[in-house]
There are 2 protein chains.
Amino acid sequence: MDTDDELTIDAPHRELLDQILDKWSLSILNELCERPCRFNELRRAIPQVTQKSLTATLRRLERNGVIEREVVSTRPVAVRYRITPLGKTLRHPIDVLLTWAAQNMPAIERAREGFDARGEGADL
Amino acid sequence: MDTDDELTIDAPHRELLDQILDKWSLSILNELCERPCRFNELRRAIPQVTQKSLTATLRRLERNGVIEREVVSTRPVAVRYRITPLGKTLRHPIDVLLTWAAQNMPAIERAREGFDARGEGADL
DNA sequence: CGGTATCCTACACGATACTG
DNA sequence: CAGTATCGTGTAGGATACCG
């Protein structure tokens, strides 16, 4: 437990994590880890996301090399997104994160209630 | 590797992760995992953060029960922040994340260059 | 020292309309 | 189907000043 970790978080790391842990990326990656998806499949899988945000997020993930965009020139066009080998290396970190969230959600909720009951952050 | 993960990301999970993986939380938690810190120690450790953002982030982390705030009523007051047992459970997820970032940064940078060179996202 | 209180601005994000 | 274009808004977060 005392792995003496000297990991720091410099700007490039922060920027990278911002691009991959942002509002929609986690859901998209989680989805694409299970199977390749077309654009509208993703929309249905993540109903809250708008076209615009989905497009933007997909582009960003593609730019970072974690997903791939393949255009099938049928009629009408089909576009299929899939995870890349690099993207697959994200699966473990994401799983760890989601598992943590699932396991600790109750404790977090209790903590919030206690905090809020004391009115220490009435404006949060 | 085929753990058949059916982890989904519903709103509460997303909200929770947003509060803990946001711009400054990772740096703060990473710092507090190593030692308790006073307010201005944290500012020095993370020079880019402003007072306002640091205060806000600390409050949010406190609300979620992952850090503790102890006021030492000396003259002038001292305030010491420390990680809680619940917060310590975050160390592994964070380490996994930072390790991933460190290991894959070069690959990501190459992917970005390739993408940008093709001009596919001239406006990103 | 460890914060609040204001003010301000960029940008993330949603809503809506249109297109090859 | 898979986007692009345009507009409008909320708000995260920086700059600055002040306080117990």
# chains A, B, ... in the order shown; residues from 1 in each chain; ligands from 1
>>> select_by_dssp(residues="region 70-111 of chain B", states="strand (DSSP E or B)", output="list in words")
Glu70, Val71, Val72, Ala78, Val79, Arg80, Tyr81, Arg82 and Ile83 of chain B
>>> closest_atom_pairs(of="chain D", to="chain A", cutoff="10 Å", atoms="only C-alpha atoms (C1' of nucleotides)", output="JSON lines")
{"residue": "D:DC1", "atom": "C1'", "partner": "A:Pro76", "partner_atom": "CA", "distance": 6.0}
{"residue": "D:DA2", "atom": "C1'", "partner": "A:Phe39", "partner_atom": "CA", "distance": 6.8}
{"residue": "D:DG3", "atom": "C1'", "partner": "A:Thr55", "partner_atom": "CA", "distance": 8.0}
{"residue": "D:DT4", "atom": "C1'", "partner": "A:Lys52", "partner_atom": "CA", "distance": 9.2}
>>> atom_distance(atom1="CA of Ala111 (chain A)", atom2="CA of Gly65 (chain B)")
5.0 Å
>>> residues_around(residues="DC8 (chain C)", least_positions_apart="4", cutoff="12 Å", atoms="only C-alpha atoms (C1' of nucleotides)", output="list of chain:residue names")
D:DG13, D:DG14, D:DA15, D:DT16
>>> write_last_selection(atoms="all heavy atoms", output="CSV table (one decimal), in the first residue's frame")
chain,number,residue,atom,x,y,z
D,13,DG,P,-13.9,24.1,-13.3
D,13,DG,OP1,-13.1,23.1,-14.0
D,13,DG,OP2,-14.3,23.9,-11.9
D,13,DG,O5',-13.1,25.5,-13.4
D,13,DG,C5',-12.7,26.0,-14.6
D,13,DG,C4',-12.4,27.4,-14.5
D,13,DG,O4',-13.6,28.2,-14.3
D,13,DG,C3',-11.4,27.8,-13.3
D,13,DG,O3',-10.4,28.5,-13.8
D,13,DG,C2',-12.3,28.6,-12.4
D,13,DG,C1',-13.2,29.3,-13.4
D,13,DG,N9,-14.4,29.9,-12.9
D,13,DG,C8,-15.2,29.4,-11.9
D,13,DG,N7,-16.2,30.3,-11.6
D,13,DG,C5,-16.0,31.3,-12.4
D,13,DG,C6,-16.7,32.6,-12.5
D,13,DG,O6,-17.7,32.9,-11.9
D,13,DG,N1,-16.1,33.4,-13.5
D,13,DG,C2,-15.0,33.1,-14.2
D,13,DG,N2,-14.6,34.0,-15.1
D,13,DG,N3,-14.3,32.0,-14.1
D,13,DG,C4,-14.9,31.1,-13.2
D,14,DG,P,-8.9,28.5,-13.1
D,14,DG,OP1,-8.1,27.5,-13.8
D,14,DG,OP2,-9.2,28.4,-11.6
D,14,DG,O5',-8.4,30.0,-13.4
D,14,DG,C5',-8.3,30.4,-14.7
D,14,DG,C4',-8.4,31.9,-14.8
D,14,DG,O4',-9.8,32.3,-14.5
D,14,DG,C3',-7.5,32.7,-13.8
D,14,DG,O3',-6.8,33.7,-14.5
D,14,DG,C2',-8.5,33.3,-12.8
D,14,DG,C1',-9.8,33.4,-13.6
D,14,DG,N9,-11.0,33.3,-12.7
D,14,DG,C8,-11.4,32.2,-12.0
D,14,DG,N7,-12.5,32.4,-11.3
D,14,DG,C5,-12.8,33.7,-11.6
D,14,DG,C6,-13.9,34.5,-11.2
D,14,DG,O6,-14.8,34.2,-10.4
D,14,DG,N1,-13.9,35.8,-11.7
D,14,DG,C2,-12.9,36.3,-12.5
D,14,DG,N2,-13.0,37.5,-12.9
D,14,DG,N3,-11.9,35.5,-13.0
D,14,DG,C4,-11.9,34.3,-12.5
D,15,DA,P,-5.6,34.5,-13.7
D,15,DA,OP1,-4.5,34.8,-14.7
D,15,DA,OP2,-5.3,33.8,-12.5
D,15,DA,O5',-6.3,35.9,-13.4
D,15,DA,C5',-7.1,36.6,-14.3
D,15,DA,C4',-7.5,38.0,-13.8
D,15,DA,O4',-8.8,37.9,-13.1
D,15,DA,C3',-6.5,38.5,-12.8
D,15,DA,O3',-6.4,39.9,-13.0
D,15,DA,C2',-7.1,38.3,-11.4
D,15,DA,C1',-8.6,38.3,-11.7
D,15,DA,N9,-9.4,37.4,-10.9
D,15,DA,C8,-9.1,36.1,-10.6
D,15,DA,N7,-10.0,35.5,-9.8
D,15,DA,C5,-11.0,36.4,-9.6
D,15,DA,C6,-12.2,36.4,-8.9
D,15,DA,N6,-12.6,35.4,-8.2
D,15,DA,N1,-12.9,37.6,-8.9
D,15,DA,C2,-12.4,38.6,-9.6
D,15,DA,N3,-11.3,38.8,-10.3
D,15,DA,C4,-10.6,37.6,-10.3
D,16,DT,P,-5.3,40.8,-12.2
D,16,DT,OP1,-4.8,41.9,-13.0
D,16,DT,OP2,-4.3,39.9,-11.5
D,16,DT,O5',-6.2,41.4,-11.0
D,16,DT,C5',-7.5,42.0,-11.3
D,16,DT,C4',-8.2,42.3,-10.0
D,16,DT,O4',-8.9,41.1,-9.5
D,16,DT,C3',-7.3,42.8,-8.9
D,16,DT,O3',-7.7,44.2,-8.6
D,16,DT,C2',-7.6,41.9,-7.7
D,16,DT,C1',-9.0,41.3,-8.1
D,16,DT,N1,-9.3,39.9,-7.6
D,16,DT,C2,-10.5,39.7,-6.9
D,16,DT,O2,-11.3,40.6,-6.8
D,16,DT,N3,-10.7,38.5,-6.4
D,16,DT,C4,-9.8,37.4,-6.5
D,16,DT,O4,-10.1,36.3,-6.0
D,16,DT,C5,-8.6,37.7,-7.2
D,16,DT,C7,-7.5,36.6,-7.4
D,16,DT,C6,-8.4,38.9,-7.7
>>> closest_atom_pairs(of="chain C", to="chain A", cutoff="10 Å", atoms="only C-alpha atoms (C1' of nucleotides)", output="tab-separated table")
residue	atom	partner	partner_atom	distance
C:DA12	C1'	A:Ser53	CA	9.1
C:DC13	C1'	A:Ser53	CA	7.2
C:DG14	C1'	A:Thr50	CA	7.3
C:DA15	C1'	A:Thr50	CA	9.4
C:DG20	C1'	A:Pro76	CA	9.4
>>> write_last_selection(atoms="N, CA, C and O atoms (P, O5', C5', C4', C3', O3' and C1' of nucleotides)", output="PDB file, in the first residue's frame")
ATOM      1  P    DA C  12     -14.615  24.092 -24.627  1.00  0.00           P
ATOM      2  O5'  DA C  12     -15.440  23.005 -23.820  1.00  0.00           O
ATOM      3  C5'  DA C  12     -15.635  23.167 -22.422  1.00  0.00           C
ATOM      4  C4'  DA C  12     -17.082  22.893 -22.044  1.00  0.00           C
ATOM      5  C3'  DA C  12     -17.721  21.731 -22.801  1.00  0.00           C
ATOM      6  O3'  DA C  12     -18.448  20.937 -21.864  1.00  0.00           O
ATOM      7  C1'  DA C  12     -19.040  23.691 -23.085  1.00  0.00           C
ATOM      8  P    DC C  13     -19.005  19.542 -22.284  1.00  0.00           P
ATOM      9  O5'  DC C  13     -20.499  19.886 -22.703  1.00  0.00           O
ATOM     10  C5'  DC C  13     -21.336  20.554 -21.734  1.00  0.00           C
ATOM     11  C4'  DC C  13     -22.604  21.017 -22.395  1.00  0.00           C
ATOM     12  C3'  DC C  13     -23.223  20.027 -23.383  1.00  0.00           C
ATOM     13  O3'  DC C  13     -24.389  19.472 -22.792  1.00  0.00           O
ATOM     14  C1'  DC C  13     -23.373  22.289 -24.125  1.00  0.00           C
ATOM     15  P    DG C  14     -25.358  18.523 -23.616  1.00  0.00           P
ATOM     16  O5'  DG C  14     -26.561  19.497 -24.022  1.00  0.00           O
ATOM     17  C5'  DG C  14     -27.199  20.258 -23.010  1.00  0.00           C
ATOM     18  C4'  DG C  14     -28.277  21.141 -23.627  1.00  0.00           C
ATOM     19  C3'  DG C  14     -29.232  20.415 -24.580  1.00  0.00           C
ATOM     20  O3'  DG C  14     -30.568  20.824 -24.315  1.00  0.00           O
ATOM     21  C1'  DG C  14     -28.211  22.248 -25.693  1.00  0.00           C
ATOM     22  P    DA C  15     -31.775  20.184 -25.153  1.00  0.00           P
ATOM     23  O5'  DA C  15     -32.134  21.284 -26.257  1.00  0.00           O
ATOM     24  C5'  DA C  15     -32.248  22.657 -25.885  1.00  0.00           C
ATOM     25  C4'  DA C  15     -32.825  23.456 -27.051  1.00  0.00           C
ATOM     26  C3'  DA C  15     -33.742  22.674 -27.990  1.00  0.00           C
ATOM     27  O3'  DA C  15     -34.828  23.504 -28.388  1.00  0.00           O
ATOM     28  C1'  DA C  15     -31.869  23.464 -29.201  1.00  0.00           C
ATOM     29  P    DG C  20     -25.966  19.711 -49.975  1.00  0.00           P
ATOM     30  O5'  DG C  20     -24.990  18.460 -50.159  1.00  0.00           O
ATOM     31  C5'  DG C  20     -23.855  18.269 -49.317  1.00  0.00           C
ATOM     32  C4'  DG C  20     -23.516  16.779 -49.281  1.00  0.00           C
ATOM     33  C3'  DG C  20     -23.734  16.062 -50.615  1.00  0.00           C
ATOM     34  O3'  DG C  20     -22.792  14.998 -50.714  1.00  0.00           O
ATOM     35  C1'  DG C  20     -25.159  15.138 -48.979  1.00  0.00           C
TER      36       DG C  20
END
>>> interface_residues(of="chain B", to="chain A", cutoff="7 Å", atoms="only C-alpha atoms", output="list in words")
Ile9, His13, Ser27, Arg63, Asn64, Gly65, Pro93, Val96, Leu97, Ala101, Ile108, Ala111, Arg112 and Phe115 of chain B
>>> write_last_selection(atoms="C-alpha atoms", output="CSV table (one decimal), in the first residue's frame")
chain,number,residue,atom,x,y,z
B,9,ILE,CA,-22.9,4.9,-16.4
B,13,HIS,CA,-22.3,7.8,-11.4
B,27,SER,CA,-4.0,16.8,-8.2
B,63,ARG,CA,-18.8,17.1,1.0
B,64,ASN,CA,-18.2,13.8,-0.8
B,65,GLY,CA,-16.4,12.5,2.2
B,93,PRO,CA,-8.1,4.1,-9.3
B,96,VAL,CA,-4.1,3.3,-12.5
B,97,LEU,CA,-5.2,6.4,-14.3
B,101,ALA,CA,-1.5,8.4,-18.9
B,108,ILE,CA,-1.4,9.5,-28.0
B,111,ALA,CA,-2.0,9.7,-32.9
B,112,ARG,CA,-2.7,13.4,-32.6
B,115,PHE,CA,-4.8,13.1,-37.2
>>> atom_distance(atom1="CA of Lys88 (chain A)", atom2="CA of Ile67 (chain A)")
9.0 Å
>>> atom_distance(atom1="C1' of DC19 (chain D)", atom2="CA of Arg43 (chain B)")
19.7 Å
>>> residues_around(residues="DA17 (chain C)", least_positions_apart="6", cutoff="12 Å", atoms="only C-alpha atoms (C1' of nucleotides)", output="list in words")
DT4, DA5, DT6 and DC7 of chain D
>>> residues_around(residues="Glu68 (chain A)", least_positions_apart="6", cutoff="8 Å", atoms="only C-alpha atoms (C1' of nucleotides)", output="PDB file with all heavy atoms, in the first residue's frame")
ATOM      1  N   GLU A  62     -11.160  10.159 -31.496  1.00  0.00           N
ATOM      2  CA  GLU A  62     -10.461   9.684 -32.686  1.00  0.00           C
ATOM      3  C   GLU A  62      -9.091  10.354 -32.797  1.00  0.00           C
ATOM      4  O   GLU A  62      -8.092   9.693 -33.062  1.00  0.00           O
ATOM      5  CB  GLU A  62     -11.299  10.000 -33.929  1.00  0.00           C
ATOM      6  CG  GLU A  62     -10.770   9.345 -35.200  1.00  0.00           C
ATOM      7  CD  GLU A  62     -11.408   9.940 -36.435  1.00  0.00           C
ATOM      8  OE1 GLU A  62     -12.302  10.799 -36.302  1.00  0.00           O
ATOM      9  OE2 GLU A  62     -10.982   9.563 -37.546  1.00  0.00           O
ATOM     10  N   TYR A  81     -17.942   3.137 -35.705  1.00  0.00           N
ATOM     11  CA  TYR A  81     -16.882   3.493 -34.767  1.00  0.00           C
ATOM     12  C   TYR A  81     -16.462   2.259 -34.005  1.00  0.00           C
ATOM     13  O   TYR A  81     -17.282   1.452 -33.608  1.00  0.00           O
ATOM     14  CB  TYR A  81     -17.378   4.561 -33.788  1.00  0.00           C
ATOM     15  CG  TYR A  81     -17.646   5.898 -34.445  1.00  0.00           C
ATOM     16  CD1 TYR A  81     -18.904   6.217 -34.924  1.00  0.00           C
ATOM     17  CD2 TYR A  81     -16.624   6.822 -34.607  1.00  0.00           C
ATOM     18  CE1 TYR A  81     -19.155   7.434 -35.544  1.00  0.00           C
ATOM     19  CE2 TYR A  81     -16.856   8.044 -35.220  1.00  0.00           C
ATOM     20  CZ  TYR A  81     -18.127   8.340 -35.684  1.00  0.00           C
ATOM     21  OH  TYR A  81     -18.367   9.544 -36.303  1.00  0.00           O
ATOM     22  N   ARG A  82     -15.169   2.142 -33.822  1.00  0.00           N
ATOM     23  CA  ARG A  82     -14.678   1.000 -33.042  1.00  0.00           C
ATOM     24  C   ARG A  82     -13.493   1.433 -32.194  1.00  0.00           C
ATOM     25  O   ARG A  82     -12.816   2.416 -32.491  1.00  0.00           O
ATOM     26  CB  ARG A  82     -14.279  -0.153 -33.953  1.00  0.00           C
ATOM     27  CG  ARG A  82     -13.307   0.204 -35.075  1.00  0.00           C
ATOM     28  CD  ARG A  82     -12.623  -1.032 -35.660  1.00  0.00           C
ATOM     29  NE  ARG A  82     -13.573  -2.095 -35.928  1.00  0.00           N
ATOM     30  CZ  ARG A  82     -14.274  -2.203 -37.067  1.00  0.00           C
ATOM     31  NH1 ARG A  82     -14.076  -1.316 -38.019  1.00  0.00           N
ATOM     32  NH2 ARG A  82     -15.123  -3.194 -37.238  1.00  0.00           N
ATOM     33  N   ILE A  83     -13.281   0.666 -31.153  1.00  0.00           N
ATOM     34  CA  ILE A  83     -12.160   0.950 -30.264  1.00  0.00           C
ATOM     35  C   ILE A  83     -10.861   0.491 -30.928  1.00  0.00           C
ATOM     36  O   ILE A  83     -10.845  -0.476 -31.678  1.00  0.00           O
ATOM     37  CB  ILE A  83     -12.378   0.240 -28.912  1.00  0.00           C
ATOM     38  CG1 ILE A  83     -11.460   0.819 -27.838  1.00  0.00           C
ATOM     39  CG2 ILE A  83     -12.144  -1.265 -29.047  1.00  0.00           C
ATOM     40  CD1 ILE A  83     -12.213   1.673 -26.889  1.00  0.00           C
ATOM     41  N   THR A  84      -9.779   1.211 -30.713  1.00  0.00           N
ATOM     42  CA  THR A  84      -8.471   0.806 -31.242  1.00  0.00           C
ATOM     43  C   THR A  84      -7.720   0.005 -30.186  1.00  0.00           C
ATOM     44  O   THR A  84      -8.145  -0.053 -29.029  1.00  0.00           O
ATOM     45  CB  THR A  84      -7.629   2.044 -31.579  1.00  0.00           C
ATOM     46  OG1 THR A  84      -7.410   2.772 -30.376  1.00  0.00           O
ATOM     47  CG2 THR A  84      -8.325   2.926 -32.598  1.00  0.00           C
TER      48      THR A  84
END
>>> decode(residues="region 2-20 of chain C", atoms="N, CA, C and O atoms (P, O5', C5', C4', C3', O3' and C1' of nucleotides)", output="tab-separated table (two decimals), in the first residue's frame")
chain	number	residue	atom	x	y	z
C	2	DG	P	-3.21	28.13	6.18
C	2	DG	O5'	-4.71	28.61	5.90
C	2	DG	C5'	-5.57	28.70	7.01
C	2	DG	C4'	-6.87	29.30	6.60
C	2	DG	C3'	-7.48	28.66	5.33
C	2	DG	O3'	-8.89	28.56	5.50
C	2	DG	C1'	-7.30	30.95	5.04
C	3	DG	P	-9.66	27.50	4.49
C	3	DG	O5'	-9.66	28.21	3.04
C	3	DG	C5'	-10.86	28.77	2.56
C	3	DG	C4'	-11.19	30.06	3.27
C	3	DG	C3'	-12.35	30.83	2.68
C	3	DG	O3'	-13.57	30.41	3.26
C	3	DG	C1'	-10.52	32.28	3.25
C	4	DT	P	-14.84	30.24	2.46
C	4	DT	O5'	-15.66	31.59	2.74
C	4	DT	C5'	-15.23	32.71	2.14
C	4	DT	C4'	-16.01	33.94	2.51
C	4	DT	C3'	-17.17	34.22	1.56
C	4	DT	O3'	-18.05	35.15	2.16
C	4	DT	C1'	-15.29	35.54	0.99
C	5	DA	P	-19.42	35.46	1.40
C	5	DA	O5'	-19.10	36.71	0.47
C	5	DA	C5'	-18.23	37.75	0.93
C	5	DA	C4'	-18.19	38.87	-0.11
C	5	DA	C3'	-19.31	38.81	-1.15
C	5	DA	O3'	-19.67	40.14	-1.51
C	5	DA	C1'	-17.23	38.62	-2.24
C	6	DT	P	-21.11	40.41	-2.15
C	6	DT	O5'	-20.72	41.08	-3.55
C	6	DT	C5'	-19.79	40.37	-4.39
C	6	DT	C4'	-19.11	41.36	-5.32
C	6	DT	C3'	-19.81	41.44	-6.67
C	6	DT	O3'	-19.71	42.76	-7.18
C	6	DT	C1'	-17.63	40.52	-6.91
C	7	DC	P	-20.72	43.15	-8.40
C	7	DC	O5'	-19.70	43.07	-9.64
C	7	DC	C5'	-18.38	43.62	-9.52
C	7	DC	C4'	-17.50	43.08	-10.63
C	7	DC	C3'	-18.24	42.93	-11.96
C	7	DC	O3'	-17.55	43.64	-12.98
C	7	DC	C1'	-17.02	40.96	-11.42
C	8	DC	P	-18.23	43.72	-14.45
C	8	DC	O5'	-17.40	42.60	-15.21
C	8	DC	C5'	-15.99	42.51	-15.03
C	8	DC	C4'	-15.45	41.32	-15.82
C	8	DC	C3'	-16.19	41.11	-17.14
C	8	DC	O3'	-15.23	41.00	-18.18
C	8	DC	C1'	-16.14	39.10	-15.87
C	9	DT	P	-15.71	41.12	-19.71
C	9	DT	O5'	-15.12	39.77	-20.31
C	9	DT	C5'	-13.87	39.27	-19.84
C	9	DT	C4'	-13.77	37.77	-20.14
C	9	DT	C3'	-14.36	37.38	-21.49
C	9	DT	O3'	-13.49	36.45	-22.10
C	9	DT	C1'	-15.34	36.09	-19.79
C	10	DA	P	-13.48	36.38	-23.72
C	10	DA	O5'	-12.98	34.89	-23.92
C	10	DA	C5'	-12.07	34.31	-22.97
C	10	DA	C4'	-12.44	32.85	-22.72
C	10	DA	C3'	-12.77	32.07	-23.99
C	10	DA	O3'	-12.16	30.80	-23.91
C	10	DA	C1'	-14.59	31.94	-22.48
C	11	DC	P	-11.99	29.93	-25.22
C	11	DC	O5'	-12.80	28.61	-24.86
C	11	DC	C5'	-12.93	28.25	-23.48
C	11	DC	C4'	-14.23	27.52	-23.25
C	11	DC	C3'	-14.69	26.68	-24.46
C	11	DC	O3'	-15.15	25.44	-23.96
C	11	DC	C1'	-16.43	28.02	-23.73
C	12	DA	P	-14.61	24.09	-24.63
C	12	DA	O5'	-15.44	23.00	-23.82
C	12	DA	C5'	-15.63	23.17	-22.42
C	12	DA	C4'	-17.08	22.89	-22.04
C	12	DA	C3'	-17.72	21.73	-22.80
C	12	DA	O3'	-18.45	20.94	-21.86
C	12	DA	C1'	-19.04	23.69	-23.08
C	13	DC	P	-19.00	19.54	-22.28
C	13	DC	O5'	-20.50	19.89	-22.70
C	13	DC	C5'	-21.34	20.55	-21.73
C	13	DC	C4'	-22.60	21.02	-22.40
C	13	DC	C3'	-23.22	20.03	-23.38
C	13	DC	O3'	-24.39	19.47	-22.79
C	13	DC	C1'	-23.37	22.29	-24.12
C	14	DG	P	-25.36	18.52	-23.62
C	14	DG	O5'	-26.56	19.50	-24.02
C	14	DG	C5'	-27.20	20.26	-23.01
C	14	DG	C4'	-28.28	21.14	-23.63
C	14	DG	C3'	-29.23	20.42	-24.58
C	14	DG	O3'	-30.57	20.82	-24.32
C	14	DG	C1'	-28.21	22.25	-25.69
C	15	DA	P	-31.77	20.18	-25.15
C	15	DA	O5'	-32.13	21.28	-26.26
C	15	DA	C5'	-32.25	22.66	-25.89
C	15	DA	C4'	-32.83	23.46	-27.05
C	15	DA	C3'	-33.74	22.67	-27.99
C	15	DA	O3'	-34.83	23.50	-28.39
C	15	DA	C1'	-31.87	23.46	-29.20
C	16	DT	P	-36.00	22.90	-29.30
C	16	DT	O5'	-35.62	23.39	-30.76
C	16	DT	C5'	-35.14	24.72	-30.95
C	16	DT	C4'	-34.59	24.88	-32.36
C	16	DT	C3'	-35.34	24.09	-33.44
C	16	DT	O3'	-35.89	24.99	-34.38
C	16	DT	C1'	-32.99	23.92	-33.71
C	17	DA	P	-36.86	24.42	-35.59
C	17	DA	O5'	-35.92	24.59	-36.85
C	17	DA	C5'	-35.18	25.81	-37.04
C	17	DA	C4'	-34.15	25.62	-38.14
C	17	DA	C3'	-34.68	24.86	-39.37
C	17	DA	O3'	-34.40	25.60	-40.55
C	17	DA	C1'	-32.64	23.91	-38.61
C	18	DC	P	-34.98	25.06	-42.00
C	18	DC	O5'	-33.67	24.45	-42.69
C	18	DC	C5'	-32.48	25.26	-42.79
C	18	DC	C4'	-31.28	24.39	-43.15
C	18	DC	C3'	-31.46	23.56	-44.44
C	18	DC	O3'	-30.39	23.85	-45.33
C	18	DC	C1'	-30.58	22.24	-42.67
C	19	DT	P	-30.40	23.19	-46.84
C	19	DT	O5'	-29.34	22.01	-46.72
C	19	DT	C5'	-27.95	22.30	-46.46
C	19	DT	C4'	-27.14	21.01	-46.55
C	19	DT	C3'	-27.40	20.21	-47.84
C	19	DT	O3'	-26.16	19.77	-48.36
C	19	DT	C1'	-27.65	18.83	-45.93
C	20	DG	P	-25.97	19.71	-49.97
C	20	DG	O5'	-24.99	18.46	-50.16
C	20	DG	C5'	-23.85	18.27	-49.32
C	20	DG	C4'	-23.52	16.78	-49.28
C	20	DG	C3'	-23.73	16.06	-50.61
C	20	DG	O3'	-22.79	15.00	-50.71
C	20	DG	C1'	-25.16	15.14	-48.98
